[in-house]
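Student: Sharing final28.tsv here; it has TSV, C-alpha atoms.
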chain	number	residue	atom	x	y	z
A	16	MET	CA	26.32	-1.93	-16.51
A	17	LYS	CA	24.81	1.27	-15.17
A	18	ILE	CA	25.91	4.72	-16.29
A	19	GLU	CA	25.56	7.40	-13.62
A	20	SER	CA	25.41	11.15	-14.13
A	21	LYS	CA	27.17	13.75	-12.07
A	22	ILE	CA	25.21	14.88	-9.00
A	23	GLY	CA	23.30	18.04	-9.87
A	24	LYS	CA	21.89	20.74	-7.60
A	25	SER	CA	18.61	22.59	-8.16
A	26	ALA	CA	17.20	25.55	-6.27
A	27	CYS	CA	13.69	24.09	-6.71
A	28	SER	CA	11.99	21.76	-4.24
A	29	ASP	CA	12.02	18.00	-4.75
A	30	GLN	CA	8.20	18.11	-5.05
A	31	GLN	CA	8.29	20.76	-7.82
A	32	ILE	CA	10.85	18.76	-9.81
A	33	TYR	CA	9.05	15.46	-9.21
A	34	THR	CA	5.69	16.89	-10.35
A	35	PHE	CA	7.33	18.17	-13.55
A	36	ILE	CA	9.32	15.05	-14.49
A	37	SER	CA	6.55	12.57	-13.66
A	38	ASN	CA	4.47	13.92	-16.58
A	39	PHE	CA	5.88	13.38	-20.08
A	40	HIS	CA	3.96	16.41	-21.40
A	41	ASN	CA	6.63	18.49	-19.61
A	42	PHE	CA	9.67	16.35	-20.32
A	43	LYS	CA	10.41	17.71	-23.81
A	44	GLU	CA	11.66	20.94	-22.20
A	45	LEU	CA	14.64	19.03	-20.76
A	46	LEU	CA	15.80	17.37	-23.98
A	47	PRO	CA	18.24	18.96	-26.44
A	48	ALA	CA	16.06	20.70	-29.06
A	49	ASP	CA	18.70	20.27	-31.77
A	50	LYS	CA	18.66	16.46	-31.36
A	51	VAL	CA	14.95	15.74	-30.78
A	52	SER	CA	12.02	16.20	-33.18
A	53	GLY	CA	8.53	14.79	-33.74
A	54	TRP	CA	7.64	14.85	-30.03
A	55	GLU	CA	4.41	13.06	-29.02
A	56	SER	CA	3.40	12.48	-25.42
A	57	SER	CA	0.79	11.47	-22.89
A	58	GLU	CA	1.30	11.72	-19.15
A	59	GLU	CA	2.84	8.21	-18.93
A	60	LYS	CA	4.44	7.72	-22.39
A	61	CYS	CA	6.30	9.67	-25.05
A	62	SER	CA	7.96	9.07	-28.39
A	63	PHE	CA	10.31	11.20	-30.47
A	64	GLN	CA	12.84	11.19	-33.28
A	65	VAL	CA	16.53	11.26	-32.30
A	66	ASP	CA	18.91	11.82	-35.17
A	67	PRO	CA	20.65	9.71	-36.34
A	68	LEU	CA	19.18	6.85	-34.26
A	69	GLY	CA	15.55	7.09	-35.39
A	70	ARG	CA	12.29	7.04	-33.44
A	71	THR	CA	12.38	5.97	-29.81
A	72	GLY	CA	9.93	6.01	-26.93
A	73	LEU	CA	9.83	6.08	-23.15
A	74	MET	CA	7.27	5.01	-20.58
A	75	ILE	CA	7.11	5.60	-16.85
A	76	ILE	CA	7.28	2.29	-15.01
A	77	GLU	CA	7.66	3.42	-11.38
A	78	LYS	CA	7.06	6.55	-9.30
A	79	LYS	CA	8.02	7.20	-5.68
A	80	PRO	CA	6.92	10.74	-4.79
A	81	PRO	CA	8.88	12.95	-4.46
A	82	SER	CA	12.19	11.09	-4.88
A	83	LEU	CA	12.14	8.79	-7.93
A	84	VAL	CA	10.80	8.49	-11.46
A	85	LYS	CA	11.84	5.31	-13.28
A	86	MET	CA	11.39	5.03	-17.03
A	87	SER	CA	12.09	2.38	-19.60
A	88	SER	CA	12.28	2.29	-23.35
A	89	ASP	CA	8.96	1.57	-25.03
A	90	PRO	CA	9.35	-1.63	-27.10
A	91	GLU	CA	6.74	-0.27	-29.55
A	92	PHE	CA	9.24	2.41	-30.67
A	93	SER	CA	12.68	1.45	-29.39
A	94	LYS	CA	14.92	-1.14	-30.96
A	95	TYR	CA	17.30	-0.65	-28.01
A	96	GLN	CA	16.10	-1.44	-24.50
A	97	PHE	CA	17.17	0.66	-21.52
A	98	THR	CA	16.03	1.90	-18.12
A	99	ILE	CA	16.45	5.43	-16.72
A	100	TRP	CA	16.20	6.42	-13.05
A	101	ILE	CA	15.86	10.06	-12.05
A	102	GLN	CA	16.54	10.34	-8.33
A	103	LEU	CA	15.84	13.45	-6.26
A	104	LYS	CA	17.18	14.09	-2.77
A	105	LYS	CA	15.97	17.03	-0.69
A	106	VAL	CA	18.84	18.67	1.22
A	107	GLN	CA	17.03	21.89	2.20
A	108	PRO	CA	13.59	23.23	1.18
A	109	ASP	CA	15.11	24.90	-1.92
A	110	ASP	CA	18.12	22.62	-2.44
A	111	THR	CA	17.48	19.36	-4.28
A	112	ARG	CA	20.18	17.01	-5.54
A	113	ILE	CA	19.56	15.23	-8.85
A	114	LYS	CA	21.12	12.04	-10.19
A	115	ILE	CA	20.29	10.17	-13.39
A	116	THR	CA	21.21	6.55	-13.93
A	117	ILE	CA	20.89	4.85	-17.32
A	118	GLU	CA	21.10	1.09	-17.72
A	119	PRO	CA	21.34	0.08	-21.39
A	120	LEU	CA	20.44	-3.53	-22.12
A	121	VAL	CA	22.93	-4.07	-24.94
A	122	ASN	CA	25.47	-6.65	-25.94
A	123	MET	CA	28.68	-6.15	-23.92
A	124	MET	CA	30.57	-5.65	-27.19
A	125	LEU	CA	28.48	-2.55	-27.87
A	126	MET	CA	28.94	-1.09	-24.38
A	127	PRO	CA	32.16	0.84	-25.18
A	128	MET	CA	30.32	2.54	-28.09
A	129	VAL	CA	27.23	3.55	-26.10
A	130	LYS	CA	28.82	4.37	-22.73
A	131	GLY	CA	30.24	7.78	-23.73
A	132	PRO	CA	27.11	9.12	-25.48
A	133	LEU	CA	24.84	7.90	-22.65
A	134	LYS	CA	27.08	9.48	-19.98
A	135	LYS	CA	26.97	12.73	-21.98
A	136	LEU	CA	23.15	12.47	-22.21
A	137	ALA	CA	22.78	11.84	-18.45
A	138	ASP	CA	25.13	14.70	-17.51
A	139	GLY	CA	23.43	16.99	-20.05
A	140	LEU	CA	19.98	16.27	-18.58
A	141	VAL	CA	21.27	16.97	-15.07
A	142	SER	CA	22.88	20.24	-16.24
A	143	LYS	CA	19.57	21.31	-17.84
A	144	MET	CA	17.68	20.38	-14.67
A	145	GLU	CA	20.10	22.41	-12.52
A	146	THR	CA	19.15	25.63	-14.36
A	147	TYR	CA	15.48	24.88	-15.15
A	148	ASN	CA	12.81	26.75	-13.18
A	149	PHE	CA	10.44	23.96	-12.15
A	150	ALA	CA	8.41	26.44	-10.06
A	151	GLY	CA	7.03	27.63	-13.38
Write out the structure in this file as C-alpha cells.

Tutor:
Amino acid sequence: MKIESKIGKSACSDQQIYTFISNFHNFKELLPADKVSGWESSEEKCSFQVDPLGRTGLMIIEKKPPSLVKMSSDPEFSKYQFTIWIQLKKVQPDDTRIKITIEPLVNMMLMPMVKGPLKKLADGLVSKMETYNFAG
C-alpha cells in the first residue's frame, strides 16, 4: 500500500528543489526539529533519531533530474523497511508541484497503525517544502 501526500506548490524551480533534496546534507532542514535529533549525513545517506521510534536511516536509491528522488530505509539503521518518492513537476519556471509517496513494507495488520502517522509525515514534508526557499 502506498501513502500519497497532498500536492504541494513551490515558487522555486524544479531544478532548485531537486538540487537541494538530492543531497542529504540539506535534507535535515525539511524535517521537524522537535522530532529529529542526532542527525548524521553524507550526500547519499543519512541517519537520525526519531522519538519514540529510535534511530533510522535513509539512502538515495534513484535520481531522475530534475523530477524524482527515490529513497529507501537503510537496513543498517532501520528495523522498518520503506521507500519514499519525492516527485517534482514543473508547471511554470517558478511554479513546481511536489508530491511525496511513502510505501511502508509492513505486515498488513500494522498498516492501520502506520498509515495515519505516515500520511501526516508526507503532508508535513510537502507543507515545509511549499514555504522553503530552495533558491538559498

Student: Kindly provide, as a VMD selection string, the polymer residues lying within 12 Å of (8.9, 15.2, -8.0), counting only C-alpha atoms and using the coordinates exactly as they appear in the file.

Tutor: chain A and resid 27 to 38 78 to 85 101 to 105 111 to 113 149 to 150

Student: Choose the residue, out of A:Trp100, A:Phe92, A:Phe42, A:Trp54, that has the smallest atom-to-atom separation from Arg70 of chain A; count only C-alpha atoms.

Tutor: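 With only C-alpha atoms as the atom set, the closest residue is A:Phe92.
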
Student: Which residues, written as a list in words, have at least one atom at most 6 Å from Val141 of chain A, with only C-alpha atoms counted and residues fewer than 3 positions away on the same chain left out?

Tutor: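 Residues meeting the cut-off are Gly23, Asp138 and Met144 of chain A.
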
Student: Counting all atoms listed in the file, which residue out of A:Leu133, A:Thr146, A:His40, A:Ala48 sits closest to Lys60 of chain A?

Tutor: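 Smallest separation from Lys60 of chain A among the options: A:His40.
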
Student: Rank A:Gly69, A:Gln107, A:Ser57, A:Pro119 by their smallest atom-to-atom distance to Ser87 of chain A, using only C-alpha atoms, and report the top residue only.

Tutor: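 Checking each of A:Gly69, A:Gln107, A:Ser57, A:Pro119 against Ser87 of chain A, counting only C-alpha atoms, the winner is A:Pro119.
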
Student: Calculate how many Å separate atom CA of Leu45 of chain A from atom CA of Ser25 of chain A, rounding to one decimal.

Tutor: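 Separation of atom CA of Leu45 of chain A and atom CA of Ser25 of chain A: 13.7 Å.
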
Student: (26.0, 0.1, -19.2) in this file's frame - what residues fall within 10 Å of it? Use all atoms listed in the file and give the answer as a JSON list (two decimals) with C-alpha atoms, in the frame of the given file.

Tutor:
[["chain", "number", "residue", "atom", "x", "y", "z"],
["A", 16, "MET", "CA", 26.32, -1.93, -16.51],
["A", 17, "LYS", "CA", 24.81, 1.27, -15.17],
["A", 18, "ILE", "CA", 25.91, 4.72, -16.29],
["A", 19, "GLU", "CA", 25.56, 7.40, -13.62],
["A", 97, "PHE", "CA", 17.17, 0.66, -21.52],
["A", 116, "THR", "CA", 21.21, 6.55, -13.93],
["A", 117, "ILE", "CA", 20.89, 4.85, -17.32],
["A", 118, "GLU", "CA", 21.10, 1.09, -17.72],
["A", 119, "PRO", "CA", 21.34, 0.08, -21.39],
["A", 120, "LEU", "CA", 20.44, -3.53, -22.12],
["A", 121, "VAL", "CA", 22.93, -4.07, -24.94],
["A", 122, "ASN", "CA", 25.47, -6.65, -25.94],
["A", 123, "MET", "CA", 28.68, -6.15, -23.92],
["A", 125, "LEU", "CA", 28.48, -2.55, -27.87],
["A", 126, "MET", "CA", 28.94, -1.09, -24.38],
["A", 127, "PRO", "CA", 32.16, 0.84, -25.18],
["A", 129, "VAL", "CA", 27.23, 3.55, -26.10],
["A", 130, "LYS", "CA", 28.82, 4.37, -22.73],
["A", 131, "GLY", "CA", 30.24, 7.78, -23.73],
["A", 133, "LEU", "CA", 24.84, 7.90, -22.65],
["A", 134, "LYS", "CA", 27.08, 9.48, -19.98]]

Student: In Å, with one decimal, what is the gap from atom CA of Glu59 of chain A to atom CA of Thr71 of chain A?

Tutor: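 Atom CA of Thr71 of chain A lies 14.6 Å from atom CA of Glu59 of chain A.
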
Student: Could you jot down the atom CA of Tyr147 of chain A to atom CA of Val65 of chain A separation for me, Å, one decimal place?

Tutor: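 Between atom CA of Tyr147 of chain A and atom CA of Val65 of chain A the gap works out to 21.9 Å.
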
Student: Point out the residue among A:Leu46, A:Ser93, A:Asp110, A:Thr98 with the least atom-to-atom distance to Ser62 of chain A, counting all atoms listed in the file.

Tutor: A:Ser93

Student: Counting only C-alpha atoms, which residue out of A:Lys21, A:Pro132, A:Gly53, A:Ala26 sits closest to Asn148 of chain A?

Tutor: A:Ala26

Student: From the set A:Asp49, A:Met74, A:Ile22, A:Met128, which residue has the shortest atom-to-atom contact distance to Met86 of chain A, counting only C-alpha atoms?

Tutor: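 Smallest separation from Met86 of chain A among the options: A:Met74.
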
Student: Near Ser88 of chain A, counting only C-alpha atoms, which residues have an atom at most 6 Å away, once you skip same-chain residues fewer than 2 positions from it, shown as number ranges by chain?

Tutor: A: 72-73, 96-97

Student: Once you add 8 Å to each side, what are the centre and edge lengths of the axis-aligned box holding all listed atoms of segment 31-40 of chain A? One decimal in Å, as JSON, if you can.

Tutor:
{"center_x": 7.4, "center_y": 16.7, "center_z": -14.6, "size_x": 22.9, "size_y": 24.2, "size_z": 29.6}

Student: From the block I gave, I'd like segment 95-121 of chain A written with N, CA and C atoms, as a JSON list (two decimals), in the first residue's frame.

Tutor:
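Final file, part34.json:
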[["chain", "number", "residue", "atom", "x", "y", "z"],
["A", 95, "TYR", "N", 12.35, -0.99, 10.31],
["A", 95, "TYR", "CA", 11.21, -0.97, 9.41],
["A", 95, "TYR", "C", 11.70, -0.58, 8.02],
["A", 96, "GLN", "N", 11.22, -1.30, 7.01],
["A", 96, "GLN", "CA", 11.65, -1.00, 5.64],
["A", 96, "GLN", "C", 10.57, -0.20, 4.92],
["A", 97, "PHE", "N", 10.99, 0.81, 4.17],
["A", 97, "PHE", "CA", 10.04, 1.65, 3.44],
["A", 97, "PHE", "C", 10.77, 2.33, 2.29],
["A", 98, "THR", "N", 9.98, 2.83, 1.35],
["A", 98, "THR", "CA", 10.50, 3.59, 0.20],
["A", 98, "THR", "C", 9.75, 4.92, 0.16],
["A", 99, "ILE", "N", 10.48, 5.98, -0.20],
["A", 99, "ILE", "CA", 9.90, 7.32, -0.32],
["A", 99, "ILE", "C", 10.25, 7.88, -1.70],
["A", 100, "TRP", "N", 9.22, 8.35, -2.41],
["A", 100, "TRP", "CA", 9.43, 9.05, -3.68],
["A", 100, "TRP", "C", 9.09, 10.51, -3.47],
["A", 101, "ILE", "N", 9.98, 11.39, -3.91],
["A", 101, "ILE", "CA", 9.65, 12.82, -3.96],
["A", 101, "ILE", "C", 9.62, 13.19, -5.44],
["A", 102, "GLN", "N", 8.42, 13.53, -5.91],
["A", 102, "GLN", "CA", 8.23, 13.85, -7.32],
["A", 102, "GLN", "C", 8.03, 15.35, -7.48],
["A", 103, "LEU", "N", 8.67, 15.90, -8.50],
["A", 103, "LEU", "CA", 8.58, 17.33, -8.82],
["A", 103, "LEU", "C", 8.05, 17.48, -10.23],
["A", 104, "LYS", "N", 7.12, 18.40, -10.42],
["A", 104, "LYS", "CA", 6.57, 18.66, -11.75],
["A", 104, "LYS", "C", 6.58, 20.16, -12.00],
["A", 105, "LYS", "N", 7.33, 20.56, -13.01],
["A", 105, "LYS", "CA", 7.41, 21.97, -13.38],
["A", 105, "LYS", "C", 6.14, 22.37, -14.13],
["A", 106, "VAL", "N", 5.45, 23.40, -13.63],
["A", 106, "VAL", "CA", 4.25, 23.93, -14.29],
["A", 106, "VAL", "C", 4.62, 25.20, -15.05],
["A", 107, "GLN", "N", 5.35, 26.07, -14.38],
["A", 107, "GLN", "CA", 5.91, 27.31, -14.94],
["A", 107, "GLN", "C", 7.34, 27.42, -14.40],
["A", 108, "PRO", "N", 8.16, 28.37, -14.90],
["A", 108, "PRO", "CA", 9.53, 28.47, -14.40],
["A", 108, "PRO", "C", 9.61, 28.60, -12.86],
["A", 109, "ASP", "N", 8.70, 29.30, -12.24],
["A", 109, "ASP", "CA", 8.71, 29.43, -10.78],
["A", 109, "ASP", "C", 7.44, 28.88, -10.16],
["A", 110, "ASP", "N", 7.00, 27.73, -10.66],
["A", 110, "ASP", "CA", 5.82, 27.05, -10.13],
["A", 110, "ASP", "C", 6.06, 25.55, -10.28],
["A", 111, "THR", "N", 6.44, 24.92, -9.17],
["A", 111, "THR", "CA", 6.73, 23.49, -9.17],
["A", 111, "THR", "C", 5.76, 22.79, -8.23],
["A", 112, "ARG", "N", 5.17, 21.71, -8.71],
["A", 112, "ARG", "CA", 4.28, 20.89, -7.88],
["A", 112, "ARG", "C", 5.11, 19.78, -7.25],
["A", 113, "ILE", "N", 4.77, 19.45, -6.00],
["A", 113, "ILE", "CA", 5.52, 18.48, -5.21],
["A", 113, "ILE", "C", 4.56, 17.41, -4.69],
["A", 114, "LYS", "N", 4.96, 16.16, -4.83],
["A", 114, "LYS", "CA", 4.18, 15.06, -4.26],
["A", 114, "LYS", "C", 5.15, 14.06, -3.63],
["A", 115, "ILE", "N", 4.79, 13.59, -2.45],
["A", 115, "ILE", "CA", 5.59, 12.58, -1.75],
["A", 115, "ILE", "C", 4.74, 11.32, -1.59],
["A", 116, "THR", "N", 5.35, 10.20, -1.94],
["A", 116, "THR", "CA", 4.70, 8.91, -1.79],
["A", 116, "THR", "C", 5.57, 8.06, -0.86],
["A", 117, "ILE", "N", 4.95, 7.44, 0.13],
["A", 117, "ILE", "CA", 5.66, 6.56, 1.04],
["A", 117, "ILE", "C", 5.05, 5.17, 0.93],
["A", 118, "GLU", "N", 5.91, 4.18, 0.74],
["A", 118, "GLU", "CA", 5.44, 2.79, 0.70],
["A", 118, "GLU", "C", 6.10, 2.03, 1.85],
["A", 119, "PRO", "N", 5.36, 1.82, 2.95],
["A", 119, "PRO", "CA", 5.92, 1.05, 4.06],
["A", 119, "PRO", "C", 5.81, -0.45, 3.76],
["A", 120, "LEU", "N", 6.87, -1.18, 4.04],
["A", 120, "LEU", "CA", 6.85, -2.62, 3.83],
["A", 120, "LEU", "C", 6.61, -3.26, 5.20],
["A", 121, "VAL", "N", 5.35, -3.24, 5.62],
["A", 121, "VAL", "CA", 4.98, -3.77, 6.92],
["A", 121, "VAL", "C", 3.86, -4.79, 6.78]]
